[in-house]
>>> print(open('query-v4.txt').read())   # compact mmCIF, C-alpha atoms
# COMPACT_ATOMS: atom_id res chain seq x y z
CA MET A 1 0.00 0.00 0.00
CA GLU A 2 1.37 3.37 -1.01
CA ASP A 3 -1.52 5.53 0.15
CA SER A 4 -2.59 6.66 3.59
CA CYS A 5 -5.74 5.31 5.16
CA CYS A 6 -8.86 7.12 6.34
CA ILE A 7 -10.44 6.16 9.65
CA TYR A 8 -13.97 6.98 10.72
CA LYS A 9 -15.83 5.65 13.79
CA GLY A 10 -13.89 2.40 14.01
CA TYR A 11 -13.62 1.72 10.27
CA LEU A 12 -10.45 1.94 8.21
CA PHE A 13 -10.51 2.65 4.46
CA VAL A 14 -7.39 2.01 2.36
CA CYS A 15 -6.38 1.09 -1.20
CA ASP A 16 -3.78 -1.54 -2.03
CA ASN A 17 -1.31 -1.99 -4.87
CA GLY A 18 -3.44 -4.77 -6.33
CA GLY A 19 -6.36 -2.48 -7.16
CA ILE A 20 -8.68 -3.06 -4.20
CA LEU A 21 -10.29 -0.47 -1.90
CA TRP A 22 -10.83 -2.05 1.53
CA CYS A 23 -13.12 -1.27 4.45
CA LEU A 24 -11.95 -2.91 7.69
CA ASP A 25 -13.70 -3.01 11.04
CA LEU A 26 -10.99 -2.01 13.52
CA LYS A 27 -12.74 -3.71 16.44
CA THR A 28 -12.85 -7.15 14.80
CA LEU A 29 -10.11 -6.69 12.17
CA ARG A 30 -12.48 -8.20 9.61
CA VAL A 31 -13.16 -7.01 6.09
CA VAL A 32 -16.54 -5.26 5.87
CA TRP A 33 -16.38 -4.86 2.10
CA ALA A 34 -13.85 -4.70 -0.75
CA GLN A 35 -14.27 -2.81 -4.04
CA ASP A 36 -12.26 -3.51 -7.21
CA ILE A 37 -10.71 -0.21 -8.38
CA LEU A 38 -8.80 -1.75 -11.34
CA ASP A 39 -5.25 -0.63 -10.60
CA ASP A 40 -2.74 0.57 -8.01
CA SER A 41 -3.69 3.67 -6.05
CA ASN A 42 -0.98 6.07 -4.91
CA GLY A 43 -3.37 8.78 -3.71
CA SER A 44 -5.20 8.37 -0.44
CA PRO A 45 -8.98 8.01 -0.49
CA ALA A 46 -10.78 11.21 0.51
CA LEU A 47 -13.55 10.87 3.08
CA SER A 48 -16.62 13.12 3.03
CA ILE A 49 -19.83 13.30 5.06
CA GLU A 50 -22.63 14.54 2.80
CA ASN A 51 -26.18 14.93 4.13
CA GLY A 52 -25.27 12.68 7.05
CA HIS A 53 -23.91 9.88 4.84
CA LEU A 54 -20.27 8.82 4.47
CA TYR A 55 -18.62 8.70 1.02
CA LEU A 56 -15.14 8.02 -0.34
CA TYR A 57 -13.52 9.57 -3.40
CA VAL A 58 -10.79 7.45 -4.97
CA SER A 59 -8.87 7.04 -8.20
CA THR A 60 -5.90 5.07 -9.49
CA SER A 61 -2.72 5.28 -11.45
CA PHE A 62 -2.21 3.33 -14.66
CA HIS A 63 0.60 0.79 -14.48
CA LEU A 64 1.99 -0.27 -17.80
CA GLY A 65 1.17 -3.84 -18.71
CA TRP A 66 -1.66 -4.42 -16.23
CA ARG A 67 -4.41 -3.42 -18.62
CA SER A 68 -2.53 -2.06 -21.63
CA GLU A 69 0.92 -1.32 -23.06
CA SER A 70 0.35 2.40 -23.81
CA THR A 71 -3.00 3.89 -22.70
CA ALA A 72 -5.82 2.87 -20.37
CA THR A 73 -8.91 4.29 -18.77
CA VAL A 74 -8.38 5.71 -15.31
CA PRO A 75 -11.64 6.00 -13.37
CA ILE A 76 -12.44 8.50 -10.65
CA TRP A 77 -15.09 7.12 -8.29
CA LYS A 78 -17.46 8.21 -5.61
CA ILE A 79 -18.02 5.20 -3.35
CA ASP A 80 -20.67 4.72 -0.66
CA ALA A 81 -18.40 4.16 2.37
CA GLU A 82 -21.05 2.15 4.20
CA THR A 83 -21.65 -0.43 1.45
CA GLY A 84 -18.68 -0.14 -0.95
CA GLU A 85 -21.06 0.46 -3.87
CA VAL A 86 -20.13 2.83 -6.70
CA VAL A 87 -22.22 6.03 -6.68
CA TRP A 88 -20.71 7.47 -9.88
CA LYS A 89 -17.64 7.11 -12.07
CA THR A 90 -15.82 9.58 -14.36
CA ASP A 91 -13.16 8.21 -16.74
CA TYR A 92 -9.97 9.57 -18.32
CA THR A 93 -7.70 7.93 -20.87
CA CYS A 94 -4.12 8.20 -19.64
CA TYR A 95 -0.68 7.30 -20.95
CA SER A 96 2.10 5.44 -19.16
CA GLU A 97 5.60 4.32 -19.96
CA SER A 98 8.02 2.09 -18.14
CA GLY A 99 8.66 3.57 -14.68
CA VAL A 100 6.44 6.65 -15.19
CA SER A 101 2.76 5.99 -14.55
CA GLY A 102 -0.11 8.15 -15.65
CA GLY A 103 -3.44 8.70 -13.95
CA VAL A 104 -4.08 10.03 -10.48
CA GLN A 105 -0.94 9.91 -8.33
CA SER A 106 -2.15 12.20 -5.54
CA THR A 107 -4.90 12.76 -3.00
CA PRO A 108 -7.86 14.87 -4.18
CA LEU A 109 -9.05 18.10 -2.59
CA ILE A 110 -12.59 18.22 -1.18
CA GLY A 111 -14.01 21.73 -1.30
CA LYS A 112 -14.67 23.28 2.10
CA GLU A 113 -18.26 23.97 3.17
CA GLY A 114 -19.28 27.63 2.86
CA THR A 115 -16.87 28.35 -0.01
CA ASN A 116 -17.17 28.72 -3.76
CA ILE A 117 -15.85 25.16 -4.22
CA GLU A 118 -17.95 23.42 -1.54
CA ASP A 119 -19.70 21.17 -4.09
CA LEU A 120 -16.48 20.12 -5.83
CA ILE A 121 -13.76 17.52 -5.58
CA ILE A 122 -10.55 18.52 -7.35
CA TYR A 123 -8.13 16.05 -8.90
CA ILE A 124 -4.77 16.25 -10.64
CA VAL A 125 -4.53 13.72 -13.49
CA ALA A 126 -1.11 12.95 -14.99
CA ARG A 127 -0.29 12.08 -18.60
CA VAL A 128 -3.61 13.14 -20.12
CA PRO A 129 -4.68 14.01 -22.85
CA LYS A 130 -1.14 13.48 -24.21
CA ALA A 131 1.77 11.50 -22.78
CA TYR A 132 3.51 14.48 -21.12
CA ASP A 133 0.51 16.70 -20.37
CA GLY A 134 -1.74 16.87 -17.35
CA THR A 135 -4.95 18.35 -16.09
CA MET A 136 -6.51 19.74 -12.95
CA LEU A 137 -10.23 19.08 -12.91
CA ALA A 138 -13.14 19.91 -10.66
CA ILE A 139 -15.96 17.39 -10.41
CA ASN A 140 -19.42 18.01 -8.98
CA ARG A 141 -19.56 15.74 -5.93
CA GLU A 142 -23.25 14.97 -6.35
CA THR A 143 -23.39 14.20 -10.08
CA GLY A 144 -19.85 13.22 -11.08
CA GLU A 145 -19.92 15.75 -13.91
CA VAL A 146 -16.76 17.72 -14.71
CA VAL A 147 -17.44 21.39 -13.84
CA TRP A 148 -14.14 22.80 -15.09
CA GLU A 149 -10.78 21.58 -16.28
CA ILE A 150 -7.38 23.26 -16.65
CA SER A 151 -4.83 21.66 -18.97
CA THR A 152 -1.14 21.87 -18.16
CA LYS A 153 1.87 21.46 -20.42
CA ASN A 154 3.47 19.05 -17.94
CA TYR A 155 1.99 16.25 -15.88
CA ALA A 156 1.99 16.44 -12.09
CA TRP A 157 1.83 14.00 -9.21
CA SER A 158 1.24 16.57 -6.46
CA SER A 159 -1.94 16.91 -4.41
CA PRO A 160 -3.94 20.10 -4.83
CA VAL A 161 -4.36 22.41 -1.82
CA ALA A 162 -6.78 25.28 -1.26
CA PHE A 163 -6.30 28.67 0.33
CA TYR A 164 -9.50 30.45 1.36
CA THR A 165 -10.31 34.13 1.83
CA GLU A 166 -12.47 35.28 4.73
CA GLU A 167 -15.31 35.64 2.21
CA GLY A 168 -15.03 31.95 1.22
CA LYS A 169 -13.29 32.33 -2.12
CA ALA A 170 -10.91 29.45 -2.82
CA TYR A 171 -7.57 29.57 -4.55
CA VAL A 172 -6.30 26.13 -5.58
CA ALA A 173 -2.60 25.40 -6.04
CA PHE A 174 -0.51 22.40 -6.99
CA VAL A 175 3.08 21.86 -8.05
CA ASN A 176 3.52 21.17 -11.76
>>> encode(input="query-v4.txt", output="structure tokens")
Amino acid sequence: MEDSCCIYKGYLFVCDNGGILWCLDLKTLRVVWAQDILDDSNGSPALSIENGHLYLYVSTSFHLGWRSESTATVPIWKIDAETGEVVWKTDYTCYSESGVSGGVQSTPLIGKEGTNIEDLIIYIVARVPKAYDGTMLAINRETGEVVWEISTKNYAWSSPVAFYTEEGKAYVAFVN
């Protein structure tokens, strides 16, 4: 496992290098559920309570040879943290080469309540739409629709961070 876990009320959520998102009961150390996420995840799952319900946002990298020798679909998911079921999925076609994976290599940013990005989850996706390009995208947390996207001339593996004004305006930064 190359990501960090999330823990909430006695449950641990973590992704492994084999492409599985796990929910473990920390009291019994038993698996509650496991969800196939297709590939290795280097970014930590992001935990969010929405209308009193717990959700996870997760994506993967694309390792060369697992599913393809050049490009593959990298999904971004919203998962019901109580059941492990997929709520929605948004896909990107990413490139990889030996030793340099494409896809999501970082932890997403969940917009803070009371700000202009409160309904968004922001991801950095590497090696899309071309082999050495990247994108920062904002996805509506309820629908899974892409709200905006900023292309970059280089791919990045860094996690986005937000800085907020007193009025609730967000400024999002990442290292490219």
>>> closest_residue(input="query-v4.txt", among="A:Thr90, A:Thr71, A:Asn42, A:Asn176", to="Glu145 (chain A)", atoms="all atoms listed in the file")
A:Thr90
>>> residues_near_point(input="query-v4.txt", point="(-20.3, -0.4, -2.0)", cutoff="12 Å", atoms="only C-alpha atoms", output="PyMOL selection string")
chain A and resi 21-23+32-37+54-56+77-88
>>> closest_residue(input="query-v4.txt", among="A:Tyr11, A:Tyr132, A:Phe62, A:Tyr95", to="Leu47 (chain A)", atoms="all atoms listed in the file")
A:Tyr11
>>> closest_residue(input="query-v4.txt", among="A:Ser98, A:Thr93, A:Thr135, A:Thr60", to="Thr73 (chain A)", atoms="all atoms listed in the file")
A:Thr93
>>> residues_near_point(input="query-v4.txt", point="(-5.5, 0.0, -11.1)", cutoff="12 Å", atoms="all atoms listed in the file", output="VMD selection string")
chain A and resid 15 to 21 35 to 43 58 to 68 72 to 76 94 101 to 105
>>> atom_distance(input="query-v4.txt", atom1="CA of Leu120 (chain A)", atom2="CA of Asn140 (chain A)")
4.8 Å
>>> atom_distance(input="query-v4.txt", atom1="CA of Gly10 (chain A)", atom2="CA of Gly144 (chain A)")
28.0 Å
>>> decode(input="query-v4.txt", residues="region 158-171 of chain A", atoms="all heavy atoms", output="short mmCIF file (atom, residue, chain, number, x, y, z; two decimals), in the first residue's frame")
data_model
loop_
_atom_site.label_atom_id
_atom_site.label_comp_id
_atom_site.auth_asym_id
_atom_site.auth_seq_id
_atom_site.Cartn_x
_atom_site.Cartn_y
_atom_site.Cartn_z
N SER A 158 1.45 15.91 -7.76
CA SER A 158 1.24 16.57 -6.46
C SER A 158 -0.25 16.68 -6.14
O SER A 158 -1.09 16.73 -7.03
CB SER A 158 1.88 17.95 -6.46
OG SER A 158 1.22 18.80 -7.35
N SER A 159 -0.56 16.73 -4.86
CA SER A 159 -1.94 16.91 -4.41
C SER A 159 -2.30 18.38 -4.44
O SER A 159 -1.49 19.22 -4.06
CB SER A 159 -2.10 16.38 -2.98
OG SER A 159 -1.82 15.00 -2.92
N PRO A 160 -3.52 18.70 -4.85
CA PRO A 160 -3.94 20.10 -4.83
C PRO A 160 -4.25 20.54 -3.39
O PRO A 160 -4.68 19.73 -2.57
CB PRO A 160 -5.21 20.10 -5.69
CG PRO A 160 -5.74 18.70 -5.57
CD PRO A 160 -4.54 17.82 -5.40
N VAL A 161 -4.01 21.82 -3.12
CA VAL A 161 -4.36 22.41 -1.82
C VAL A 161 -5.15 23.68 -2.08
O VAL A 161 -5.03 24.30 -3.13
CB VAL A 161 -3.11 22.73 -0.96
CG1 VAL A 161 -2.39 21.46 -0.57
CG2 VAL A 161 -2.18 23.68 -1.67
N ALA A 162 -5.97 24.06 -1.12
CA ALA A 162 -6.78 25.28 -1.26
C ALA A 162 -6.42 26.28 -0.18
O ALA A 162 -6.10 25.90 0.96
CB ALA A 162 -8.27 24.94 -1.17
N PHE A 163 -6.45 27.54 -0.57
CA PHE A 163 -6.30 28.67 0.33
C PHE A 163 -7.60 29.44 0.23
O PHE A 163 -8.09 29.70 -0.87
CB PHE A 163 -5.12 29.55 -0.08
CG PHE A 163 -3.83 28.80 -0.15
CD1 PHE A 163 -3.41 28.19 -1.33
CD2 PHE A 163 -3.05 28.67 0.98
CE1 PHE A 163 -2.22 27.49 -1.39
CE2 PHE A 163 -1.85 27.97 0.94
CZ PHE A 163 -1.44 27.38 -0.25
N TYR A 164 -8.18 29.82 1.36
CA TYR A 164 -9.50 30.45 1.36
C TYR A 164 -9.42 31.87 1.92
O TYR A 164 -8.73 32.12 2.91
CB TYR A 164 -10.48 29.64 2.23
CG TYR A 164 -10.69 28.23 1.74
CD1 TYR A 164 -9.99 27.17 2.28
CD2 TYR A 164 -11.61 27.96 0.72
CE1 TYR A 164 -10.19 25.87 1.84
CE2 TYR A 164 -11.82 26.68 0.28
CZ TYR A 164 -11.11 25.62 0.84
OH TYR A 164 -11.32 24.34 0.39
N THR A 165 -10.18 32.78 1.29
CA THR A 165 -10.31 34.13 1.83
C THR A 165 -11.36 34.11 2.93
O THR A 165 -12.12 33.14 3.07
CB THR A 165 -10.74 35.13 0.74
OG1 THR A 165 -12.07 34.81 0.32
CG2 THR A 165 -9.79 35.11 -0.45
N GLU A 166 -11.44 35.18 3.69
CA GLU A 166 -12.47 35.28 4.73
C GLU A 166 -13.87 35.23 4.14
O GLU A 166 -14.82 34.82 4.81
CB GLU A 166 -12.27 36.55 5.55
CG GLU A 166 -11.05 36.51 6.43
CD GLU A 166 -10.88 37.76 7.27
OE1 GLU A 166 -11.83 38.58 7.34
OE2 GLU A 166 -9.81 37.92 7.87
N GLU A 167 -14.01 35.64 2.88
CA GLU A 167 -15.31 35.64 2.21
C GLU A 167 -15.67 34.27 1.63
O GLU A 167 -16.75 34.09 1.09
CB GLU A 167 -15.32 36.68 1.08
CG GLU A 167 -15.16 38.11 1.55
CD GLU A 167 -13.70 38.47 1.88
OE1 GLU A 167 -12.77 37.87 1.31
OE2 GLU A 167 -13.52 39.33 2.76
N GLY A 168 -14.74 33.30 1.71
CA GLY A 168 -15.03 31.95 1.22
C GLY A 168 -14.60 31.70 -0.21
O GLY A 168 -14.99 30.70 -0.79
N LYS A 169 -13.80 32.58 -0.77
CA LYS A 169 -13.29 32.33 -2.12
C LYS A 169 -12.04 31.45 -2.01
O LYS A 169 -11.15 31.72 -1.23
CB LYS A 169 -12.94 33.65 -2.81
CG LYS A 169 -12.47 33.44 -4.24
CD LYS A 169 -12.22 34.75 -4.95
CE LYS A 169 -11.79 34.46 -6.38
NZ LYS A 169 -11.53 35.70 -7.11
N ALA A 170 -12.02 30.39 -2.84
CA ALA A 170 -10.91 29.45 -2.82
C ALA A 170 -9.92 29.74 -3.92
O ALA A 170 -10.30 30.11 -5.03
CB ALA A 170 -11.44 28.03 -2.98
N TYR A 171 -8.66 29.56 -3.59
CA TYR A 171 -7.57 29.57 -4.55
C TYR A 171 -6.91 28.20 -4.45
O TYR A 171 -6.52 27.78 -3.35
CB TYR A 171 -6.56 30.67 -4.25
CG TYR A 171 -7.11 32.05 -4.48
CD1 TYR A 171 -7.78 32.73 -3.45
CD2 TYR A 171 -7.01 32.65 -5.73
CE1 TYR A 171 -8.31 33.99 -3.68
CE2 TYR A 171 -7.55 33.91 -5.94
CZ TYR A 171 -8.19 34.57 -4.91
OH TYR A 171 -8.72 35.82 -5.13
#
